[in-house]
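Inspection log for the structure reproduced underneath, given as structure tokens.
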Amino acid sequence: MAEGEAVRLSSVDILKGLTIVCIVLVHVVIRRGEGGGEMPLFMQALYLILMVFFLISGYFYRPGKGFVYNMKKRVLQLGIAIVICSFVLTAIISVWLFIFGQSPEDPVYDYFEAVLRALNLTNLFEPVGEVLLSPISGASIGYYYIWVMLIAFIIFYGLADHVMDDWYKIAATIIALLVITCLMVEFVGVVLPFFAHLSPIAAAFMFMGAALSKLKVVERIESFEFKSARYWSLLIVSAVCLVVLLVLFHPGSGFDQLYFGSMGGLSAFVYFIQATLMFIICLYVAALLSKVPGLTWFFSLFGRHTLGILLLHGFFIKMMMVPFFQMTDEMWFPGGMSAVQMVLLAIGVFGACLLVCEYGPKIIGKLSRRDAVKGRSPCPCQEDVKDCFLSSILDYIFKTVVILTASVKYEDRKMLGITKKIGCNLCLKSNSFI
């Protein structure tokens with residue numbers, strides 16, 4: 001294996017699967033708009049798992065590729081995907097609402113408001129935490145996280161090659177980013193475009209992930225030397241420290257509202273330590289689960305499709321609820337569901353997301369069977385273009401536009417190459433935050 005090449009670690013896929021499952025369950029069970037007050041401490045601790053993807057992204061950073069290369073990859077992977085989903089999925093929901101007689105009074109305004117909400121371009125420069133009305137056709141819950149990650153990548157890739165060779169520089173960079181976050185909380189406190197106000201602390205987590213990579217923490221935990229007391233010492237110390245910090249400093253559940261605890265901006269430092277300790281504990285849990293074949297397959301399946309599930313789960317939640325519940329603009333999803341209904345909804349959402357992400361490429365491949373001919377060009381992310389879900393979709397979109405406009409020949413290989421290249425970077429079959 002070439003030097004610097006990333007090694008696929010089963011515990012990381014499992015950890016990503018656990019994280020995305022927790023995110024969806026939180027949105028199905030809790031984040032439907034009802035309730036108030038402080039959540040139980042256990043749920044506040046669970047929210048710390050949201051930082052896992054930032055830490056993993058930093059962990060698998062490899063120096064030397066340059067800022068432009070890394071950012072181009074992330075924009076094609078994350079940015080274009082979220083823009084497409086913002087417009088297309090919102091349009092589908094609008095039609096779905098019309099079919100079931102729940103269209104808003106002004107569907108066009110509601111549609112564009114939902115799109116702007118998905119693009120995180122609403123309520124700009126207003127106080128963070130202000131309760132917003134939710135467009136009825138909107139289902140972009142969780143999209144802010146992707147925007148935060150994209151802006152954080154700009155910070156991380158811009159600095160990483162200059163600081164990762166020196167522990168003092170790494171520590172200084174993390175502290176500087178946390179200080180910026182502290183100042184954001186204390187003196188800014190407004191919504192910036194694309195949720196950029198959360199990106200400094202997200203970038204700090206990326207640098208911490210890169211620092212843990214230098215220590216090979218994941219590899220050591222995955223080695224599973226369970227007979228060694230030294231192996232378990234990191235888990236015990238991390239768990240004890242986390243419990244103490246959680247009891248003394250409640251982290252809350254308002255990461256998206258720039259809330260890290262009751263100490264204001266200073267809470268960002270404690271929150272950073274708490275989330276890092278939670279990450280280490282979760283790595284041990286993932287390593288243990290990797291020894292159970294059935295669970296390994298189950299969570300790895302979710303872990304391979306984190307981006308697709310994050311983009312699609314809100315969409316499927318709303319699509320499944322519209323026929324049975326009255327949609328309002330007061331909350332993302334209606335409240336008042338029974339425990340059985342929530343369980344069935346969660347199962348349905350997970351099933352729908354996995355069907356699209358796992359089997360979508362095969363379905364598109366069958367639909368485009370005539371294109372699977374000898375000499376077909378390979379897909380950068382799969383062995384064959386027919387296995388690339390979004391590449392095939394963009395290919396069909398391009399054909400449709402050509403037919404409708406008759407403005408360019410479909411045989412234009414350059415344009416086809418562009419659509420396939422973009423599609424491969426968006427491919428739900430191989431998507432990941434890292």
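We name chains A, B, ... following the order of the structure tokens; residues begin at 1 in each chain, and ligands are numbered from 1 as shown.
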
Practice problem: Would you mind listing what lies within 7 Å of segment 145-152 of chain A as a list in words, with only C-alpha atoms counted and same-chain residues fewer than 4 positions away left out? | Solution: Phe156, Phe194, Phe195, Ala196, Leu198, Ser199, Pro200, Ala202 and Ala203 of chain A

Quiz item: So which one's closest to Asp161 of chain A, A:Phe207, A:Tyr231, A:Phe112, A:Phe269? Using only C-alpha atoms, please.
Solution: A:Phe207

Proximity of segment 205-316 of chain A to segment 343-365 of chain A: per-residue shortest pair, 8 Å limit, only C-alpha atoms, as a tab-separated table:
residue	atom	partner	partner_atom	distance
A:Phe302	CA	A:Leu354	CA	7.6
A:His305	CA	A:Cys357	CA	6.5
A:Gly308	CA	A:Cys357	CA	6.3
A:Ile309	CA	A:Cys353	CA	5.6
A:Leu312	CA	A:Cys353	CA	6.3
A:His313	CA	A:Val349	CA	6.1
A:Phe316	CA	A:Val349	CA	5.8

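Among the candidates A:Glu126, A:Asp166, A:Glu225, A:Asp329, the one nearest to Ala211 of chain A when counting only C-alpha atoms is A:Asp166.
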
Could you list, as a PDB file with N, CA and C atoms, in the first residue's frame, every residue within 10 Å of Gln102 of chain A, counting only C-alpha atoms and ignoring same-chain residues fewer than 4 positions away?
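For reference, selection27.pdb as written:
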ATOM      1  N   SER A  94     -43.610  19.548  -2.242  1.00  0.00           N
ATOM      2  CA  SER A  94     -44.671  20.489  -2.609  1.00  0.00           C
ATOM      3  C   SER A  94     -45.769  19.793  -3.396  1.00  0.00           C
ATOM      4  N   VAL A  95     -45.388  18.948  -4.341  1.00  0.00           N
ATOM      5  CA  VAL A  95     -46.370  18.183  -5.113  1.00  0.00           C
ATOM      6  C   VAL A  95     -47.110  17.205  -4.215  1.00  0.00           C
ATOM      7  N   TRP A  96     -46.394  16.578  -3.310  1.00  0.00           N
ATOM      8  CA  TRP A  96     -46.987  15.613  -2.377  1.00  0.00           C
ATOM      9  C   TRP A  96     -48.022  16.294  -1.481  1.00  0.00           C
ATOM     10  N   LEU A  97     -47.706  17.469  -1.006  1.00  0.00           N
ATOM     11  CA  LEU A  97     -48.655  18.240  -0.192  1.00  0.00           C
ATOM     12  C   LEU A  97     -49.904  18.592  -0.996  1.00  0.00           C
ATOM     13  N   PHE A  98     -49.731  18.948  -2.266  1.00  0.00           N
ATOM     14  CA  PHE A  98     -50.870  19.272  -3.126  1.00  0.00           C
ATOM     15  C   PHE A  98     -51.776  18.056  -3.313  1.00  0.00           C
ATOM     16  N   PRO A 107     -48.026  28.511  -2.283  1.00  0.00           N
ATOM     17  CA  PRO A 107     -47.071  27.400  -2.447  1.00  0.00           C
ATOM     18  C   PRO A 107     -45.737  27.828  -3.066  1.00  0.00           C
ATOM     19  N   ILE A 136     -43.763  24.757   5.120  1.00  0.00           N
ATOM     20  CA  ILE A 136     -44.489  23.484   5.119  1.00  0.00           C
ATOM     21  C   ILE A 136     -43.852  22.493   4.157  1.00  0.00           C
ATOM     22  N   SER A 137     -43.305  22.974   3.059  1.00  0.00           N
ATOM     23  CA  SER A 137     -42.701  22.068   2.079  1.00  0.00           C
ATOM     24  C   SER A 137     -41.223  21.799   2.371  1.00  0.00           C
ATOM     25  N   VAL A 322     -47.168  13.194   5.824  1.00  0.00           N
ATOM     26  CA  VAL A 322     -48.173  14.019   5.148  1.00  0.00           C
ATOM     27  C   VAL A 322     -49.529  13.323   4.995  1.00  0.00           C
ATOM     28  N   PRO A 323     -49.591  12.045   4.604  1.00  0.00           N
ATOM     29  CA  PRO A 323     -50.907  11.412   4.443  1.00  0.00           C
ATOM     30  C   PRO A 323     -51.685  11.243   5.748  1.00  0.00           C
ATOM     31  N   PHE A 325     -50.935  13.194   8.943  1.00  0.00           N
ATOM     32  CA  PHE A 325     -50.878  14.297   9.897  1.00  0.00           C
ATOM     33  C   PHE A 325     -51.024  15.623   9.168  1.00  0.00           C
ATOM     34  N   GLN A 326     -51.531  16.613   9.894  1.00  0.00           N
ATOM     35  CA  GLN A 326     -51.657  17.953   9.347  1.00  0.00           C
ATOM     36  C   GLN A 326     -50.345  18.703   9.516  1.00  0.00           C
ATOM     37  N   MET A 327     -49.775  19.168   8.404  1.00  0.00           N
ATOM     38  CA  MET A 327     -48.513  19.893   8.441  1.00  0.00           C
ATOM     39  C   MET A 327     -48.767  21.361   8.799  1.00  0.00           C
ATOM     40  N   THR A 328     -47.913  21.940   9.597  1.00  0.00           N
ATOM     41  CA  THR A 328     -48.000  23.354   9.950  1.00  0.00           C
ATOM     42  C   THR A 328     -46.627  23.989   9.806  1.00  0.00           C
TER      43      THR A 328
END

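The nearest approach to Ser213 of chain A among the residues A:Trp297, A:Leu89, A:Met164, A:Asn123, with only C-alpha atoms taken into account, belongs to A:Met164.
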
Quiz prompt | Residues near Phe67 of chain A, cut-off 10 Å, only C-alpha atoms, skip fewer than 2 positions along chain, as a VMD selection string | solution = chain A and resid 63 to 65 69 to 72 153 to 161

Quick one: everything within 12 Å of Gly261 of chain A, counting only C-alpha atoms, minus sequence neighbours fewer than 2 positions away in the same chain. Send it as a compact mmCIF listing (two decimals) with C-alpha atoms, in the first residue's frame.
# COMPACT_ATOMS: atom_id res chain seq x y z
CA GLU A 38 -33.39 21.35 29.39
CA GLN A 44 -27.27 16.05 26.21
CA ALA A 45 -24.39 13.57 26.20
CA CYS A 182 -15.95 32.01 22.32
CA VAL A 185 -20.89 33.44 21.36
CA LEU A 245 -17.46 17.06 33.17
CA LEU A 246 -21.07 16.28 32.22
CA VAL A 247 -22.21 16.53 35.83
CA LEU A 248 -20.33 19.78 36.45
CA PHE A 249 -20.96 21.39 33.06
CA HIS A 250 -24.11 20.46 31.18
CA PRO A 251 -23.37 20.71 27.43
CA GLY A 252 -26.99 21.25 26.45
CA SER A 253 -28.39 20.27 23.07
CA GLY A 254 -28.11 23.57 21.22
CA PHE A 255 -25.02 23.13 19.06
CA GLN A 257 -27.88 27.52 18.20
CA LEU A 258 -24.27 28.27 19.21
CA TYR A 259 -24.97 27.02 22.73
CA MET A 263 -20.82 29.54 30.94
CA GLY A 264 -21.39 31.30 27.64
CA GLY A 265 -18.42 31.42 25.31
CA LEU A 266 -16.08 29.72 27.77
CA SER A 267 -18.29 26.64 27.56
CA ALA A 268 -16.86 26.01 24.08
CA PHE A 269 -13.60 24.83 25.66
CA VAL A 270 -15.35 22.37 27.98
CA TYR A 271 -17.67 21.25 25.18
CA PHE A 272 -14.65 20.53 23.00
CA GLN A 274 -16.43 16.55 26.35

Quiz item: Hey, what's within 12 Å of Ser223 of chain A if we count only C-alpha atoms and toss same-chain stuff fewer than 3 positions away? As an MDAnalysis selection string, please?
Solution: chainID A and resid 9:11 216:220 226:228 231:232 283:284 286:288 290:291

Self-check item: DSSP-assigned alpha helix (DSSP H) among segment 49-178 of chain A, expressed as a PyMOL selection string
Solution: chain A and resi 52-59+67-74+80-99+107-118+143-163+167-178

Quiz prompt | Pairwise distance for atom CA of Gly17 of chain A and atom CA of Leu301 of chain A, rounded to one decimal in Å | solution = 7.1 Å

Practice problem: Skip Leu50 of chain A itself and residues of its chain fewer than 5 positions away, then list as a PyMOL selection string all residues within 10 Å of it, counting only C-alpha atoms. | Solution: chain A and resi 19-20+22-23+45+55+145+255+275+279

Please save C-alpha atoms of the selected residues as a PDB file, in the first residue's frame.
ATOM      1  CA  THR A  19     -23.783   8.302  14.615  1.00  0.00           C
ATOM      2  CA  ILE A  20     -26.178   8.646  11.686  1.00  0.00           C
ATOM      3  CA  CYS A  22     -28.586   8.482  16.487  1.00  0.00           C
ATOM      4  CA  ILE A  23     -29.104  11.630  14.405  1.00  0.00           C
ATOM      5  CA  ALA A  45     -24.392  13.567  26.196  1.00  0.00           C
ATOM      6  CA  LEU A  55     -13.276  14.397  14.150  1.00  0.00           C
ATOM      7  CA  TYR A 145     -24.442  20.443   9.509  1.00  0.00           C
ATOM      8  CA  PHE A 255     -25.020  23.133  19.059  1.00  0.00           C
ATOM      9  CA  ALA A 275     -17.035  15.767  22.670  1.00  0.00           C
ATOM     10  CA  PHE A 279     -15.509  10.242  20.479  1.00  0.00           C
TER      11      PHE A 279
END
